[in-house]
2 protein chains.
Amino acid sequence: MATIRDVANRAQVSTATVSAVINDSAYVSPELRSRVLAAISELNYTPSLAARSLKHGRSQLIALVVADLANPFFARLVWAAEAAVAAWGYSLVLFNSDEKPENERRILARIRMLSCDGIILVPVDVASTIPQRDSEGEPIPTVLFGRTVEGQPTDTITIDNVSAARQVTNYLMDLGHTRIGTICGPQHLSTGRERLDGMLQAMRARGLEPSPQHIRPGEFREDTAYSVARDLLLQPDPPTALYVANGVMALGVMRALADLGLKCPDDISIASTDTIPGIGALRPRLTRTEHPVVDMTNEALRLLVDRINRGVRIDPRNVVFQPSLVVGESCGPCRGQ
Amino acid sequence: MATIRDVANRAQVSTATVSAVINDSAYVSPELRSRVLAAISELNYTPSLAARSLKHGRSQLIALVVADLANPFFARLVWAAEAAVAAWGYSLVLFNSDEKPENERRILARIRMLSCDGIILVPVDVASTIPQRDSEGEPIPTVLFGRTVEGQPTDTITIDNVSAARQVTNYLMDLGHTRIGTICGPQHLSTGRERLDGMLQAMRARGLEPSPQHIRPGEFREDTAYSVARDLLLQPDPPTALYVANGVMALGVMRALADLGLKCPDDISIASTDTIPGIGALRPRLTRTEHPVVDMTNEALRLLVDRINRGVRIDPRNVVFQPSLVVGESCGPCRGQ
DNA sequence: TTTTCATGGCGAAACGATTAGCTGGAGTAT
DNA sequence: ATACTCCAGCTAATCGTTTCGCCATGAAAA
């Protein structure tokens with residue numbers, strides 16, 4: 001690779017002048033400037049980001065750590081984040097913690113090595129701490145995405161999961177359902193907890209209580225949801241409606257229904273919080289909440305870049321987005337009992 | 001951040017010794033080694049990758065440039081690539097060219113700045129050249145993924161698209177279909193061309209020729225495929241079977257069928273090359289080819305790392321994977337005409 | 001004419017790691 | 001006792017930038 005020195009030699013100027021031309025950081029006479037530009041293009045010169053990074057401690061990298069890259073919800077986040085990161089002039093380094101705390105720790109250490117300027121983190125582990133830039137303790141600017149963890153004073157972007165679950169549950173109850181089951185998420189994740197909470201809140205507000213064997217953990221996974229749904233629906237006293245806590249699991253449930261030969265919404269009503277791309281081709285169309293992933297991502301980057309530039313002087317911010325209910329044909333009135 | 005000097009001072013040794021401990025690059029007495037390790041953990045020291053990168057020209061970064069991050073096929077590639085890249089000890093920098101040549105050029109320039117050690121590229125533009133590390137012309141190690149471009153002497157991973165399309169078409173013809181239509185991909189992409197070629201080859205081998213108005217470009221996009229399918233199926237003389245060139249478009253077609261009230265396979269048979277995750281929940285199950293994305297990605301990384309280590313001394317390699325036909329219930333025998 | 005001032009451009013010192021080459025003390029052979 | 005070997009550990013140069021401080025030149029002020 002050609003270096004700034006090669007350019008300086010060829011243009012008969014100093015490296016300082018070349019640098020000034022590249023960064024517009026000082027006035028350079030038109031004469032010299034054009035010589036420099038000519039040399040740059042003749043040598044096909046590109047400044048080295050590694051050297052720059054070393055000099056003034058900015059790597060131009062933003063790390064995105066997702067909890068499960070195989071989940072289309074996060075795939076969409078990746079898509080949106082790549083665009084936003086590029087728009088702000090950074091590059092995106094992508095990691096997948098695969099819902100494993102030990103991976104998360106390894107990844108955060110790696111991010112520190114890379115001296116990334118900022119982190120967008122879908123946290124897995126309550127205990128894993130944001131890496132410190134310094135032993136005095138200035139942390140790397142970080143935005144938590146989608147999930148909350150206890151006692152981390154960081155910027156956070158979340159969705160109102162309780163509201164989402166309430167909306168869906170109320171919708172089912174409005175149709176007359178009282179025996180509502182759920183395939184819920186892991187209770188160690190805030191999303192899992194909040195969505196179950198929202199459902200329970202909504203039911204209790206109308207004096208209902210789901211039967212304990214109608215509450216099944218589905219781990220936010222398609223295959224788990226598939227078998228849990230089969231199991232749940234084959235039991236003697238199945239629910240008349242099912243609230244599914246996320247999009248991938250909804251897919252698994254629909255697959256289970258098809259395999260069991262159950263008709264939706266005639267035999268059972270299905271609704272979910274969260275969705276996945278491509279679910280629009282399913283018939284019946286799923287009643288669900290849609291979460292504004294793109295807006296959330298853009299906001300996450302706004303917060304992150306702001307903190308990168310202004311440091312710890314600003315207090316942690318917490319932005320909560322609202323989900324919206326999209327009604328399909330997967331839910332019908334409760335027939336008899 | 002603590003530096004190697006801080007560690008050296010605290011452990012009362014030279015930076016050379018610290019470096020030797022970190023990299024196991026020379027013998028260090030147990031005494032000093034333990035002092036160094038203690039200092040490292042007390043200061044919470046991590047070596048700076050930027051400085052390392054500057055010194056011996058390896059950034060530990062591998063760039064992945066996909067053509068359309070919103071497409072679940074590529075999302076899957078991203079997932080597999082992240083895992084493979086991490087397994088080889090690198091980190092993944094992700095870019096989305098969004099099928100636009102000018103983006104691709106911008107991205108490749110950026111990759112050069114970052115001095116990435118290697119590139120996995122889903123190429124968009126025939127003309128865009130692999131960036132040169134050097135004005136003498138040693139290129140950055142690159143593997144082209146999924147698509148080929150003319151006259152680039154680089155390693156390539158592809159799928160046998162012609163065979164995929166032939167298999168699907170033969171399957172449809174075996175069911176008795178003769179009026180087969182297709183929603184094909186863009187003809188400026190090798191995947192688009194080869195899949196259409198394969199279909200035409202298969203039909204001509206049996207003395208058939210699709211009617212020109214049954215060959216419709218769908219741009220590999222869900223929404224385009226949706227409207228093209230509507231249009232195609234509403235015309236006076238619709239095909240009895242439809243070959244769709246990729247997974248996302250198949251989703252669009254299924255959605256169009258549902259909206260038109262057409263029954264598959266009774267009213268029309270549908271089959272595709274390529275698939276997308278989650279298509280398993282659709283009923284009827286789609287007859288399609290499956291492409292071994294994970295194997296392809298692992299092989300891509302194997303080739304890439306090999307070339308990073310061995311440079312230009314090895315000739316370009318071209319690995320072609322074979323698709324497999326997965327039969328669902330979306331195709332039926334041709335009824336009368 | 002001399003002094004002051006402004007300023008375009010340059011030289012050289014960082015940034016944090018690696019590594020070639022050197023130093024000096026202990027062990028061995030003569 | 002001298003010379004030689006060996007090797008753990010150190011010093012200092014280097015990678016490619018940015019940037020501080022300086023120099024020299026020419027214009028303006030006295």
# chains A, B, ... in the order shown; residues from 1 in each chain; ligands from 1
$ interface_residues --of "chain D" --to "chain B" --cutoff "7 Å" --atoms "only C-alpha atoms (C1' of nucleotides)" --output "PyMOL selection string"
chain D and resi 9-10+15
$ write_last_selection --atoms "N, CA, C and O atoms (P, O5', C5', C4', C3', O3' and C1' of nucleotides)" --output "PDB file, in the first residue's frame"
ATOM      1  P    DG D   9      13.766 -13.530  31.938  1.00  0.00           P
ATOM      2  O5'  DG D   9      14.222 -12.153  31.301  1.00  0.00           O
ATOM      3  C5'  DG D   9      15.197 -11.371  32.006  1.00  0.00           C
ATOM      4  C4'  DG D   9      15.501 -10.129  31.194  1.00  0.00           C
ATOM      5  C3'  DG D   9      14.282  -9.278  30.829  1.00  0.00           C
ATOM      6  O3'  DG D   9      14.522  -7.968  31.301  1.00  0.00           O
ATOM      7  C1'  DG D   9      15.662  -9.597  28.960  1.00  0.00           C
ATOM      8  P    DC D  10      13.495  -6.797  31.218  1.00  0.00           P
ATOM      9  O5'  DC D  10      14.357  -5.722  30.404  1.00  0.00           O
ATOM     10  C5'  DC D  10      15.720  -5.504  30.784  1.00  0.00           C
ATOM     11  C4'  DC D  10      16.425  -4.714  29.703  1.00  0.00           C
ATOM     12  C3'  DC D  10      15.642  -3.502  29.211  1.00  0.00           C
ATOM     13  O3'  DC D  10      16.473  -2.356  29.215  1.00  0.00           O
ATOM     14  C1'  DC D  10      16.268  -4.877  27.379  1.00  0.00           C
ATOM     15  P    DC D  15       8.854   1.529   8.568  1.00  0.00           P
ATOM     16  O5'  DC D  15       7.307   1.185   8.743  1.00  0.00           O
ATOM     17  C5'  DC D  15       6.840  -0.157   8.708  1.00  0.00           C
ATOM     18  C4'  DC D  15       5.439  -0.189   9.282  1.00  0.00           C
ATOM     19  C3'  DC D  15       4.590   0.980   8.799  1.00  0.00           C
ATOM     20  O3'  DC D  15       3.818   0.566   7.685  1.00  0.00           O
ATOM     21  C1'  DC D  15       4.386   0.608  11.178  1.00  0.00           C
TER      22       DC D  15
END
$ closest_atom_pairs --of "chain A" --to "chain B" --cutoff "7 Å" --atoms "only C-alpha atoms" --output "CSV"
residue,atom,partner,partner_atom,distance
A:Met1,CA,B:Asp134,CA,4.2
A:Ala2,CA,B:Asp134,CA,6.6
A:Leu43,CA,B:Ser135,CA,6.3
A:Asn44,CA,B:Ser135,CA,6.5
A:Thr46,CA,B:Met113,CA,6.0
A:Pro47,CA,B:Met113,CA,6.2
A:Ser48,CA,B:Met113,CA,5.4
A:Leu49,CA,B:Leu114,CA,5.4
A:Ala50,CA,B:Ala50,CA,5.1
A:Ala51,CA,B:Leu54,CA,5.9
A:Ser53,CA,B:Ala50,CA,6.3
A:Leu54,CA,B:Ala50,CA,5.7
A:Leu69,CA,B:Trp79,CA,5.6
A:Ala70,CA,B:Trp79,CA,6.2
A:Ala75,CA,B:Ala75,CA,6.1
A:Trp79,CA,B:Leu69,CA,5.7
A:Glu82,CA,B:Phe95,CA,6.7
A:Leu92,CA,B:Val93,CA,5.6
A:Val93,CA,B:Val93,CA,4.4
A:Leu94,CA,B:Leu92,CA,5.7
A:Phe95,CA,B:Glu82,CA,6.7
A:Met113,CA,B:Ser48,CA,5.4
A:Leu114,CA,B:Leu49,CA,5.4
A:Arg133,CA,B:Met1,CA,5.5
A:Asp134,CA,B:Met1,CA,4.3
A:Ser135,CA,B:Leu43,CA,6.3
A:Leu251,CA,B:Ala281,CA,6.0
A:Gly252,CA,B:Ala281,CA,6.9
A:Met254,CA,B:Ala281,CA,6.1
A:Arg255,CA,B:Ala281,CA,4.4
A:Gly278,CA,B:Leu251,CA,6.9
A:Ala281,CA,B:Arg255,CA,4.5
A:Leu282,CA,B:Leu282,CA,5.9
$ interface_residues --of "chain C" --to "chain A" --cutoff "7 Å" --atoms "only C-alpha atoms (C1' of nucleotides)" --output "ChimeraX atom specification"
/C:8,10,15
$ write_last_selection --atoms "N, CA, C and O atoms (P, O5', C5', C4', C3', O3' and C1' of nucleotides)" --output "PDB file, in the first residue's frame"
ATOM      1  P    DG C   8      -2.490  30.707   5.137  1.00  0.00           P
ATOM      2  O5'  DG C   8      -1.691  29.863   4.056  1.00  0.00           O
ATOM      3  C5'  DG C   8      -0.950  30.545   3.044  1.00  0.00           C
ATOM      4  C4'  DG C   8       0.313  29.759   2.726  1.00  0.00           C
ATOM      5  C3'  DG C   8       0.090  28.259   2.544  1.00  0.00           C
ATOM      6  O3'  DG C   8       0.958  27.820   1.493  1.00  0.00           O
ATOM      7  C1'  DG C   8       1.611  28.629   4.325  1.00  0.00           C
ATOM      8  P    DC C  10       5.783  21.756   2.300  1.00  0.00           P
ATOM      9  O5'  DC C  10       6.681  21.659   3.611  1.00  0.00           O
ATOM     10  C5'  DC C  10       7.843  22.474   3.734  1.00  0.00           C
ATOM     11  C4'  DC C  10       8.481  22.233   5.080  1.00  0.00           C
ATOM     12  C3'  DC C  10       8.754  20.761   5.387  1.00  0.00           C
ATOM     13  O3'  DC C  10      10.111  20.610   5.717  1.00  0.00           O
ATOM     14  C1'  DC C  10       7.568  21.800   7.177  1.00  0.00           C
ATOM     15  P    DC C  15       2.147   9.197  23.547  1.00  0.00           P
ATOM     16  O5'  DC C  15       1.044   8.319  22.814  1.00  0.00           O
ATOM     17  C5'  DC C  15      -0.172   8.868  22.340  1.00  0.00           C
ATOM     18  C4'  DC C  15      -0.752   7.927  21.324  1.00  0.00           C
ATOM     19  C3'  DC C  15      -0.538   6.450  21.666  1.00  0.00           C
ATOM     20  O3'  DC C  15      -1.676   5.982  22.363  1.00  0.00           O
ATOM     21  C1'  DC C  15      -0.149   6.920  19.328  1.00  0.00           C
TER      22       DC C  15
END
$ select_by_dssp --residues "region 89-335 of chain A" --states "strand (DSSP E)" --output "PDB file with C-alpha atoms, in the first residue's frame"
ATOM      1  CA  SER A  91     -18.712   0.499   9.718  1.00  0.00           C
ATOM      2  CA  LEU A  92     -20.582  -2.329  11.380  1.00  0.00           C
ATOM      3  CA  VAL A  93     -18.901  -5.217  13.159  1.00  0.00           C
ATOM      4  CA  LEU A  94     -21.380  -7.989  13.762  1.00  0.00           C
ATOM      5  CA  PHE A  95     -21.474 -10.551  16.583  1.00  0.00           C
ATOM      6  CA  ASN A  96     -23.897 -13.263  17.605  1.00  0.00           C
ATOM      7  CA  GLY A 118     -19.795   2.224  20.273  1.00  0.00           C
ATOM      8  CA  ILE A 119     -21.904  -0.854  20.928  1.00  0.00           C
ATOM      9  CA  ILE A 120     -25.476  -1.798  20.205  1.00  0.00           C
ATOM     10  CA  LEU A 121     -26.168  -4.719  22.466  1.00  0.00           C
ATOM     11  CA  THR A 142     -23.432   1.477  24.582  1.00  0.00           C
ATOM     12  CA  VAL A 143     -27.106   1.264  23.783  1.00  0.00           C
ATOM     13  CA  LEU A 144     -29.071  -1.713  25.029  1.00  0.00           C
ATOM     14  CA  PHE A 145     -31.619  -2.854  22.488  1.00  0.00           C
ATOM     15  CA  ASP A 155     -29.086   4.195  27.195  1.00  0.00           C
ATOM     16  CA  THR A 156     -31.843   1.793  26.310  1.00  0.00           C
ATOM     17  CA  ILE A 157     -34.254   1.275  23.442  1.00  0.00           C
ATOM     18  CA  THR A 158     -37.218  -0.926  24.185  1.00  0.00           C
ATOM     19  CA  ILE A 159     -40.698  -1.769  23.065  1.00  0.00           C
ATOM     20  CA  ILE A 180     -56.685 -18.548  26.694  1.00  0.00           C
ATOM     21  CA  GLY A 181     -53.346 -20.309  26.648  1.00  0.00           C
ATOM     22  CA  THR A 182     -49.916 -18.928  25.913  1.00  0.00           C
ATOM     23  CA  ILE A 183     -46.618 -20.061  24.547  1.00  0.00           C
ATOM     24  CA  CYS A 184     -44.362 -17.653  26.301  1.00  0.00           C
ATOM     25  CA  ILE A 215     -48.946 -21.557  30.128  1.00  0.00           C
ATOM     26  CA  ARG A 216     -46.039 -23.133  28.275  1.00  0.00           C
ATOM     27  CA  PRO A 217     -42.482 -21.903  27.778  1.00  0.00           C
ATOM     28  CA  ALA A 241     -57.305 -19.240  21.967  1.00  0.00           C
ATOM     29  CA  LEU A 242     -53.548 -19.076  22.074  1.00  0.00           C
ATOM     30  CA  TYR A 243     -51.339 -16.075  22.638  1.00  0.00           C
ATOM     31  CA  VAL A 244     -47.850 -16.646  21.237  1.00  0.00           C
ATOM     32  CA  SER A 269     -57.702 -18.667  17.575  1.00  0.00           C
ATOM     33  CA  ILE A 270     -54.058 -17.655  17.358  1.00  0.00           C
ATOM     34  CA  ALA A 271     -52.507 -14.254  17.977  1.00  0.00           C
ATOM     35  CA  SER A 272     -48.990 -13.111  18.712  1.00  0.00           C
ATOM     36  CA  THR A 287     -53.347 -11.312  14.127  1.00  0.00           C
ATOM     37  CA  ARG A 288     -50.284  -9.820  15.788  1.00  0.00           C
ATOM     38  CA  THR A 289     -48.485  -6.744  16.960  1.00  0.00           C
ATOM     39  CA  GLU A 290     -45.954  -5.084  14.722  1.00  0.00           C
ATOM     40  CA  ASN A 318     -34.530   5.215  27.902  1.00  0.00           C
ATOM     41  CA  VAL A 319     -36.736   5.360  24.829  1.00  0.00           C
ATOM     42  CA  VAL A 320     -39.809   3.158  24.750  1.00  0.00           C
ATOM     43  CA  PHE A 321     -41.605   2.464  21.479  1.00  0.00           C
ATOM     44  CA  SER A 324     -49.443  -1.622  17.079  1.00  0.00           C
ATOM     45  CA  LEU A 325     -52.048  -4.333  16.698  1.00  0.00           C
ATOM     46  CA  VAL A 326     -52.538  -5.706  13.207  1.00  0.00           C
TER      47      VAL A 326
END
$ residues_around --residues "region 21-30 of chain C" --least-positions-apart "5" --cutoff "9 Å" --atoms "only C-alpha atoms (C1' of nucleotides)" --output "PyMOL selection string"
chain D and resi 2-6+10-11
$ write_last_selection --atoms "N, CA, C and O atoms (P, O5', C5', C4', C3', O3' and C1' of nucleotides)" --output "JSON list (two decimals), in the first residue's frame"
[["chain", "number", "residue", "atom", "x", "y", "z"],
["D", 2, "DT", "P", 42.91, -13.69, 33.94],
["D", 2, "DT", "O5'", 42.52, -14.13, 32.47],
["D", 2, "DT", "C5'", 43.45, -14.85, 31.67],
["D", 2, "DT", "C4'", 42.70, -15.58, 30.58],
["D", 2, "DT", "C3'", 41.71, -14.71, 29.78],
["D", 2, "DT", "O3'", 42.13, -14.68, 28.43],
["D", 2, "DT", "C1'", 40.74, -16.80, 30.36],
["D", 3, "DA", "P", 41.43, -13.72, 27.40],
["D", 3, "DA", "O5'", 40.50, -14.75, 26.62],
["D", 3, "DA", "C5'", 41.05, -15.95, 26.10],
["D", 3, "DA", "C4'", 39.91, -16.83, 25.59],
["D", 3, "DA", "C3'", 38.88, -16.09, 24.74],
["D", 3, "DA", "O3'", 38.61, -16.88, 23.58],
["D", 3, "DA", "C1'", 37.81, -17.22, 26.51],
["D", 4, "DC", "P", 37.80, -16.28, 22.37],
["D", 4, "DC", "O5'", 36.56, -17.27, 22.31],
["D", 4, "DC", "C5'", 36.74, -18.65, 22.64],
["D", 4, "DC", "C4'", 35.39, -19.24, 23.00],
["D", 4, "DC", "C3'", 34.23, -18.63, 22.21],
["D", 4, "DC", "O3'", 33.54, -19.66, 21.54],
["D", 4, "DC", "C1'", 33.74, -18.72, 24.54],
["D", 5, "DT", "P", 32.33, -19.31, 20.55],
["D", 5, "DT", "O5'", 31.10, -19.84, 21.41],
["D", 5, "DT", "C5'", 31.21, -21.11, 22.07],
["D", 5, "DT", "C4'", 29.96, -21.34, 22.90],
["D", 5, "DT", "C3'", 28.65, -20.96, 22.21],
["D", 5, "DT", "O3'", 27.74, -22.03, 22.41],
["D", 5, "DT", "C1'", 28.81, -19.88, 24.33],
["D", 6, "DC", "P", 26.34, -22.08, 21.63],
["D", 6, "DC", "O5'", 25.35, -21.62, 22.78],
["D", 6, "DC", "C5'", 25.56, -22.12, 24.11],
["D", 6, "DC", "C4'", 24.57, -21.44, 25.05],
["D", 6, "DC", "C3'", 23.27, -21.00, 24.38],
["D", 6, "DC", "O3'", 22.20, -21.38, 25.23],
["D", 6, "DC", "C1'", 24.25, -19.18, 25.53],
["D", 10, "DC", "P", 13.49, -6.80, 31.22],
["D", 10, "DC", "O5'", 14.36, -5.72, 30.40],
["D", 10, "DC", "C5'", 15.72, -5.50, 30.78],
["D", 10, "DC", "C4'", 16.42, -4.71, 29.70],
["D", 10, "DC", "C3'", 15.64, -3.50, 29.21],
["D", 10, "DC", "O3'", 16.47, -2.36, 29.22],
["D", 10, "DC", "C1'", 16.27, -4.88, 27.38],
["D", 11, "DT", "P", 15.78, -0.92, 29.03],
["D", 11, "DT", "O5'", 16.48, -0.36, 27.71],
["D", 11, "DT", "C5'", 17.76, -0.86, 27.32],
["D", 11, "DT", "C4'", 18.05, -0.39, 25.91],
["D", 11, "DT", "C3'", 17.36, 0.90, 25.48],
["D", 11, "DT", "O3'", 18.24, 1.62, 24.65],
["D", 11, "DT", "C1'", 16.71, -0.84, 24.03]]
